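A.B. asks: Enclosed is the structure file model_29.txt (compact mmCIF, C-alpha atoms).
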```txt
# COMPACT_ATOMS: atom_id res chain seq x y z
CA MET A 1 36.78 48.68 51.74
CA ARG A 2 34.51 47.12 54.31
CA ASN A 3 33.14 43.57 54.03
CA PHE A 4 33.53 43.91 50.27
CA SER A 5 32.57 40.98 48.05
CA CYS A 6 32.73 40.69 44.28
CA GLY A 7 32.75 38.12 41.55
CA TYR A 8 30.61 37.26 38.59
CA GLY A 9 27.02 37.69 39.69
CA ALA A 10 25.43 35.46 42.28
CA ARG A 11 26.63 35.50 45.86
CA ASP A 12 27.78 31.89 45.71
CA ALA A 13 29.94 32.80 42.70
CA ASP A 14 31.92 35.46 44.56
CA VAL A 15 35.65 35.17 44.08
CA VAL A 16 36.46 37.66 46.84
CA ARG A 17 34.45 37.58 50.05
CA ASP A 18 34.08 40.04 52.92
CA ALA A 19 37.36 41.87 52.32
CA SER A 20 38.18 44.90 54.46
CA PHE A 21 41.16 47.23 54.44
CA THR A 22 42.10 50.92 54.27
CA LEU A 23 45.01 52.34 52.29
CA GLU A 24 47.15 55.17 53.58
CA SER A 25 47.98 58.04 51.25
CA GLY A 26 51.49 57.84 49.84
CA SER A 27 51.84 54.11 50.50
CA MET A 28 52.79 51.19 48.26
CA THR A 29 50.68 48.09 48.90
CA ALA A 30 51.01 44.75 47.12
CA LEU A 31 48.17 42.29 46.61
CA VAL A 32 49.65 38.79 46.63
CA GLY A 33 48.19 35.31 46.60
CA PRO A 34 47.98 32.13 44.51
CA ASN A 35 46.73 32.15 40.94
CA GLY A 36 42.95 32.36 40.92
CA ALA A 37 42.82 33.71 44.48
CA GLY A 38 40.95 36.85 43.43
CA LYS A 39 43.61 39.59 43.23
CA SER A 40 42.70 40.92 39.79
CA THR A 41 39.01 40.29 40.51
CA LEU A 42 39.28 42.48 43.59
CA LEU A 43 40.71 45.42 41.61
CA LYS A 44 38.08 45.12 38.90
CA GLY A 45 35.32 44.75 41.45
CA LEU A 46 36.43 47.93 43.20
CA LEU A 47 36.18 49.78 39.90
CA GLY A 48 32.76 48.39 39.06
CA LEU A 49 34.08 46.33 36.16
CA LEU A 50 32.53 43.18 37.64
CA PRO A 51 29.20 42.56 39.34
CA VAL A 52 29.42 43.35 43.06
CA THR A 53 27.19 41.71 45.61
CA PRO A 54 24.97 43.98 47.73
CA SER A 55 26.99 43.33 50.88
CA GLY A 56 29.94 45.53 51.74
CA GLU A 57 31.12 48.84 50.42
CA ALA A 58 34.11 50.57 48.87
CA GLN A 59 34.88 54.26 49.26
CA PHE A 60 37.52 56.39 47.58
CA PHE A 61 38.73 59.41 49.52
CA GLY A 62 35.62 59.03 51.66
CA HIS A 63 33.16 58.98 48.76
CA PRO A 64 31.70 56.54 46.21
CA LEU A 65 33.79 55.93 43.11
CA THR A 66 31.34 57.84 40.92
CA ALA A 67 32.25 61.05 42.73
CA MET A 68 36.00 60.40 42.80
CA ARG A 69 36.67 58.66 39.48
CA ALA A 70 38.94 61.44 38.24
CA ARG A 71 41.30 60.81 41.18
CA VAL A 72 41.59 57.06 40.50
CA ALA A 73 43.42 55.33 37.65
CA PHE A 74 43.51 51.68 36.64
CA VAL A 75 46.54 50.18 34.90
CA PRO A 76 45.40 46.86 33.38
CA GLN A 77 47.48 43.85 32.46
CA ARG A 78 49.44 44.31 29.26
CA ALA A 79 47.62 41.34 27.73
CA GLU A 80 44.37 43.33 27.81
CA ILE A 81 45.73 46.06 25.50
CA ASP A 82 45.83 45.99 21.69
CA TRP A 83 49.45 47.00 21.15
CA ASN A 84 49.00 46.98 17.39
CA PHE A 85 46.74 49.99 17.62
CA PRO A 86 48.27 52.86 15.57
CA ALA A 87 49.11 55.11 18.50
CA SER A 88 52.35 56.52 19.82
CA ALA A 89 53.49 56.56 23.43
CA LEU A 90 52.54 60.23 23.55
CA ASP A 91 49.07 59.46 22.19
CA VAL A 92 48.50 56.94 24.99
CA ALA A 93 49.72 59.33 27.67
CA THR A 94 47.48 62.05 26.25
CA MET A 95 44.50 59.75 26.72
CA GLY A 96 44.97 60.34 30.43
CA VAL A 97 44.57 64.08 29.90
CA ALA A 98 41.44 63.45 27.83
CA ALA A 99 39.95 61.34 30.61
CA ARG A 100 40.45 64.21 33.05
CA LEU A 101 38.94 66.82 30.71
CA GLY A 102 35.79 64.85 29.96
CA VAL A 103 34.08 63.82 26.74
CA PHE A 104 33.31 67.31 25.45
CA ARG A 105 36.86 68.71 25.56
CA ARG A 106 39.91 67.62 23.63
CA PRO A 107 43.50 67.98 24.87
CA GLY A 108 45.27 70.93 23.27
CA ARG A 109 48.90 71.98 23.36
CA GLU A 110 48.83 72.23 27.15
CA GLY A 111 47.45 68.71 27.36
CA ARG A 112 50.21 67.34 25.15
CA THR A 113 52.74 69.13 27.36
CA THR A 114 51.20 67.46 30.41
CA ALA A 115 51.43 64.09 28.66
CA MET A 116 55.09 64.70 27.79
CA ARG A 117 55.82 65.48 31.44
CA ALA A 118 54.17 62.20 32.40
CA LEU A 119 56.35 60.33 29.90
CA ALA A 120 59.42 62.08 31.29
CA THR A 121 58.43 60.98 34.81
CA VAL A 122 58.53 57.33 33.72
CA GLY A 123 61.68 57.85 31.65
CA LEU A 124 60.12 57.55 28.20
CA GLU A 125 60.25 61.06 26.78
CA ALA A 126 62.70 59.87 24.13
CA PHE A 127 60.09 57.36 22.93
CA ALA A 128 57.18 59.81 22.68
CA GLU A 129 56.66 59.26 18.95
CA THR A 130 57.31 55.50 19.02
CA GLN A 131 54.38 53.28 18.09
CA ILE A 132 53.32 51.44 21.23
CA GLY A 133 53.76 48.00 19.66
CA GLU A 134 57.45 48.74 19.08
CA LEU A 135 58.11 49.36 22.77
CA SER A 136 59.48 46.66 25.03
CA GLY A 137 57.16 45.02 27.56
CA GLY A 138 58.55 47.10 30.40
CA GLN A 139 58.23 50.30 28.38
CA GLN A 140 54.64 49.47 27.50
CA GLN A 141 53.83 49.08 31.17
CA ARG A 142 55.42 52.43 31.96
CA VAL A 143 53.40 54.07 29.18
CA LEU A 144 50.24 52.90 30.93
CA VAL A 145 51.54 54.41 34.18
CA ALA A 146 52.23 57.65 32.28
CA ARG A 147 48.61 57.67 31.11
CA ALA A 148 47.52 57.46 34.75
CA LEU A 149 49.86 60.30 35.71
CA ALA A 150 48.61 62.49 32.87
CA ALA A 151 45.15 62.04 34.35
CA ASP A 152 46.62 63.38 37.62
CA ALA A 153 45.36 60.32 39.48
CA GLU A 154 46.09 60.15 43.19
CA LEU A 155 45.30 56.45 43.55
CA LEU A 156 46.83 53.99 41.07
CA LEU A 157 45.46 50.44 40.87
CA LEU A 158 47.87 48.24 38.89
CA ASP A 159 47.08 44.70 37.76
CA GLU A 160 50.31 42.69 37.49
CA PRO A 161 52.46 45.59 36.24
CA PHE A 162 55.65 43.49 36.47
CA ALA A 163 54.39 40.47 34.55
CA ASN A 164 56.87 39.33 31.88
CA ALA A 165 59.17 42.27 32.61
CA ASP A 166 62.89 41.65 32.89
CA MET A 167 64.90 42.76 35.92
CA ALA A 168 65.95 46.08 34.39
CA ALA A 169 62.38 46.98 33.42
CA SER A 170 61.05 45.96 36.83
CA THR A 171 63.70 48.02 38.58
CA LYS A 172 62.79 51.13 36.57
CA LEU A 173 59.08 50.68 37.20
CA LEU A 174 59.63 50.12 40.93
CA ALA A 175 61.70 53.29 41.12
CA THR A 176 58.94 55.19 39.34
CA LEU A 177 56.26 53.88 41.70
CA ARG A 178 58.35 54.64 44.76
CA ALA A 179 58.91 58.22 43.55
CA LEU A 180 55.18 58.61 43.01
CA ALA A 181 54.48 57.34 46.52
CA HIS A 182 56.95 59.90 47.89
CA GLU A 183 54.89 62.55 46.09
CA GLY A 184 51.84 61.38 48.03
CA ARG A 185 50.21 59.15 45.42
CA THR A 186 48.87 55.80 46.62
CA ILE A 187 49.81 52.55 44.90
CA LEU A 188 47.90 49.25 45.06
CA ALA A 189 49.47 46.63 42.79
CA VAL A 190 48.95 42.94 42.14
CA HIS A 191 52.43 41.44 42.37
CA HIS A 192 53.82 37.90 42.25
CA ASP A 193 57.47 38.35 43.19
CA LEU A 194 57.60 37.95 46.97
CA ALA A 195 61.23 39.03 47.23
CA SER A 196 60.38 42.26 45.41
CA VAL A 197 57.38 42.86 47.66
CA ARG A 198 59.52 42.38 50.76
CA ALA A 199 62.17 44.76 49.50
CA HIS A 200 60.11 47.57 47.99
CA PHE A 201 56.54 47.65 49.31
CA ASP A 202 55.25 49.13 52.55
CA ARG A 203 52.50 46.57 52.98
CA ALA A 204 51.35 43.20 51.69
CA ILE A 205 47.75 41.98 51.60
CA VAL A 206 47.45 38.25 50.99
CA VAL A 207 44.29 37.33 49.10
CA ALA A 208 42.96 33.77 49.10
CA GLY A 209 39.27 34.23 48.45
CA ALA A 210 39.14 36.30 51.61
CA ILE A 211 42.02 38.31 53.04
CA ALA A 212 44.32 35.76 54.63
CA ALA A 213 46.94 38.16 56.00
CA ASP A 214 47.68 41.87 56.02
CA GLY A 215 50.71 43.75 57.31
CA GLN A 216 54.37 44.52 56.80
CA PRO A 217 55.76 42.33 54.00
CA ARG A 218 58.60 40.76 55.97
CA GLU A 219 56.13 39.56 58.59
CA VAL A 220 53.19 38.63 56.35
CA LEU A 221 55.39 36.88 53.77
CA ASP A 222 57.51 34.97 56.24
CA PRO A 223 57.89 31.38 54.95
CA SER A 224 56.32 29.89 58.05
CA GLN A 225 53.40 32.30 57.76
CA LEU A 226 52.87 31.34 54.14
CA ALA A 227 52.94 27.68 55.06
CA LYS A 228 50.17 28.28 57.60
CA ILE A 229 48.05 30.18 55.11
CA TYR A 230 48.43 27.88 52.11
CA GLY A 231 49.77 24.68 53.53
CA ILE A 232 52.90 25.08 51.42
CA ALA A 233 56.53 25.78 52.14
CA GLY A 234 57.27 29.43 51.39
CA SER A 235 60.58 30.49 49.99
CA PRO A 236 62.17 33.88 50.77
CA GLU A 237 63.08 34.19 47.09
CA GLY A 238 59.98 32.53 45.68
CA ASN A 239 57.54 33.96 43.17
CA ALA A 240 54.74 31.51 43.92
CA ALA A 241 52.34 33.92 45.58
```
Would you mind writing the structure in this file as structure tokens?
C.D. replies:
Amino acid sequence: MRNFSCGYGARDADVVRDASFTLESGSMTALVGPNGAGKSTLLKGLLGLLPVTPSGEAQFFGHPLTAMRARVAFVPQRAEIDWNFPASALDVATMGVAARLGVFRRPGREGRTTAMRALATVGLEAFAETQIGELSGGQQQRVLVARALAADAELLLLDEPFANADMAASTKLLATLRALAHEGRTILAVHHDLASVRAHFDRAIVVAGAIAADGQPREVLDPSQLAKIYGIAGSPEGNAA
């Protein structure tokens, strides 16, 4: 991203302004910042889901998104999914295979096998036939990650994947993401738990309209640094960002 701005139409309505950064392959980066600071807007703007102002650019693997879409996956907030839809965990994971094949091909036995491997990667193979609404919140989030893996995405953009997840679910998802990063996949996730970001992420980007700070989590999320950025007292264990 270079001088990237996005929002809801007119320039003066931009939520994110002139943001620039580059992600390294195989890294885990957290987007943090106050509510309404533009974290989710930034992800959706990158994917063309919101109007983007003419200024700035975003490239994926050195190319526009249109040329690299198959290598990028978006994991939305759980609240944006209809969990009452009559689909199993395996059905959802298989959707990732379908996205990779294109509109004129349907996943066959090999595709279902790929989807099962993706479920196994996130520890949900035993729940393959479970209706998605019957899964726990943490399991539902991992199903969405499995869908991204079935699509063989190399860059995963996750919008608040730990929201409303208990400690056990968060721990399992973090372990999954770390394993994927070790495989060379790149993770960019909106996250609110500063202690978790400090402990598990390689990098933290603080968004407050523009990018307010960018670097190693223990430096960027130092309480005194947060106080300078937001005019508040940061807490090493706080979730306020």
A.B. asks: Give me the residues within 9 Å of A:Val145 as a PDB file with C-alpha atoms, keeping the file's coordinate frame, counting all atoms listed in the file and dropping any in the same chain fewer than 2 places off.
C.D. replies:
```pdb
ATOM      1  CA  ALA A  73      43.420  55.330  37.650  1.00  0.00           C
ATOM      2  CA  PHE A  74      43.510  51.680  36.640  1.00  0.00           C
ATOM      3  CA  VAL A  75      46.540  50.180  34.900  1.00  0.00           C
ATOM      4  CA  ALA A  93      49.720  59.330  27.670  1.00  0.00           C
ATOM      5  CA  ALA A 118      54.170  62.200  32.400  1.00  0.00           C
ATOM      6  CA  LEU A 119      56.350  60.330  29.900  1.00  0.00           C
ATOM      7  CA  VAL A 122      58.530  57.330  33.720  1.00  0.00           C
ATOM      8  CA  GLN A 140      54.640  49.470  27.500  1.00  0.00           C
ATOM      9  CA  GLN A 141      53.830  49.080  31.170  1.00  0.00           C
ATOM     10  CA  ARG A 142      55.420  52.430  31.960  1.00  0.00           C
ATOM     11  CA  VAL A 143      53.400  54.070  29.180  1.00  0.00           C
ATOM     12  CA  ARG A 147      48.610  57.670  31.110  1.00  0.00           C
ATOM     13  CA  ALA A 148      47.520  57.460  34.750  1.00  0.00           C
ATOM     14  CA  LEU A 149      49.860  60.300  35.710  1.00  0.00           C
ATOM     15  CA  ALA A 150      48.610  62.490  32.870  1.00  0.00           C
ATOM     16  CA  LEU A 156      46.830  53.990  41.070  1.00  0.00           C
ATOM     17  CA  LEU A 158      47.870  48.240  38.890  1.00  0.00           C
ATOM     18  CA  LEU A 173      59.080  50.680  37.200  1.00  0.00           C
ATOM     19  CA  LEU A 177      56.260  53.880  41.700  1.00  0.00           C
TER      20      LEU A 177
END
```
A.B. asks: Please determine, counting only C-alpha atoms, which residue among A:Ala169, A:Val197, A:His191, A:Val97 has the shortest atom-to-atom distance to A:Arg117.
C.D. replies: A:Val97
A.B. asks: Enclose stretch 158-171 of chain A, meaning all of its atoms listed in the file, in a box aligned along x, y and z, pad it by 3 Å on each side, and list the centre and edge lengths in Å to one decimal, as lines of an AutoDock Vina configuration file.
C.D. replies:
```
center_x = 56.5
center_y = 43.8
center_z = 35.4
size_x = 24.9
size_y = 14.9
size_z = 13.0
```
A.B. asks: Work out how far atom CA of A:Val72 is from atom CA of A:Arg218, in Å to one decimal.
C.D. replies: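 Taking atom CA of A:Arg218 and atom CA of A:Val72, their separation equals 28.2 Å.
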A.B. asks: Would you mind telling me which residue in A:Gln216, A:Ser20, A:Thr113, A:Thr130 lies nearest to A:Gly56 when using only C-alpha atoms?
C.D. replies: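 Closest residue, counting only C-alpha atoms: A:Ser20.
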A.B. asks: Go through A:Glu160, A:Asp166, A:Glu183, A:Asp152 one by one, measure the shortest atom-to-atom distance of each to A:Val32 using only C-alpha atoms, and give the residue with the smallest value.
C.D. replies: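 With only C-alpha atoms as the atom set, the closest residue is A:Glu160.
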A.B. asks: List every residue of stretch 112-224 of chain A that has an atom at most 10 Å from any atom of stretch 58-70 of chain A, giving for each one its closest atom pair and the distance in Å to one decimal, counting only C-alpha atoms, sorted by chain and then by ascending residue number, as a Markdown table.
C.D. replies:
```
| residue | atom | partner | partner_atom | distance |
| --- | --- | --- | --- | --- |
| A:Ala151 | CA | A:Ala70 | CA | 7.4 |
| A:Asp152 | CA | A:Ala70 | CA | 7.9 |
| A:Ala153 | CA | A:Ala70 | CA | 6.6 |
| A:Glu154 | CA | A:Ala70 | CA | 8.8 |
| A:Leu155 | CA | A:Phe60 | CA | 8.8 |
```
A.B. asks: Just give me the gap between atom CA of A:Val207 and atom CA of A:Pro223 in Å, one decimal is fine.
C.D. replies: 16.0 Å
A.B. asks: Kindly indicate which residue among A:Ser55, A:Thr114, A:Ser196, A:Gln77 lies nearest to A:Gly138, using all atoms listed in the file for the distances.
C.D. replies: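 Looking only at the distances to A:Gly138, the closest residue turns out to be A:Gln77.
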A.B. asks: Taking (58.3, 51.1, 52.9) in the coordinates of the supplied file, I want to know which residues reach to within 10 Å of it, counting all atoms listed in the file; could you give the answer as a list in words?
C.D. replies: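 Within 10 Å of (58.3, 51.1, 52.9), the protein and nucleic acid residues are Ser27, Met28, Thr29, Arg178, Ala181, Val197, Arg198, Ala199, His200, Phe201, Asp202, Arg203, Gln216 and Pro217 of chain A.
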A.B. asks: Just the residues within 12 Å of A:Asp82, please, counting only C-alpha atoms, with nothing from its chain fewer than 5 positions along; format it as a PyMOL selection string.
C.D. replies: chain A and resi 76-77+87+92+131-133+140
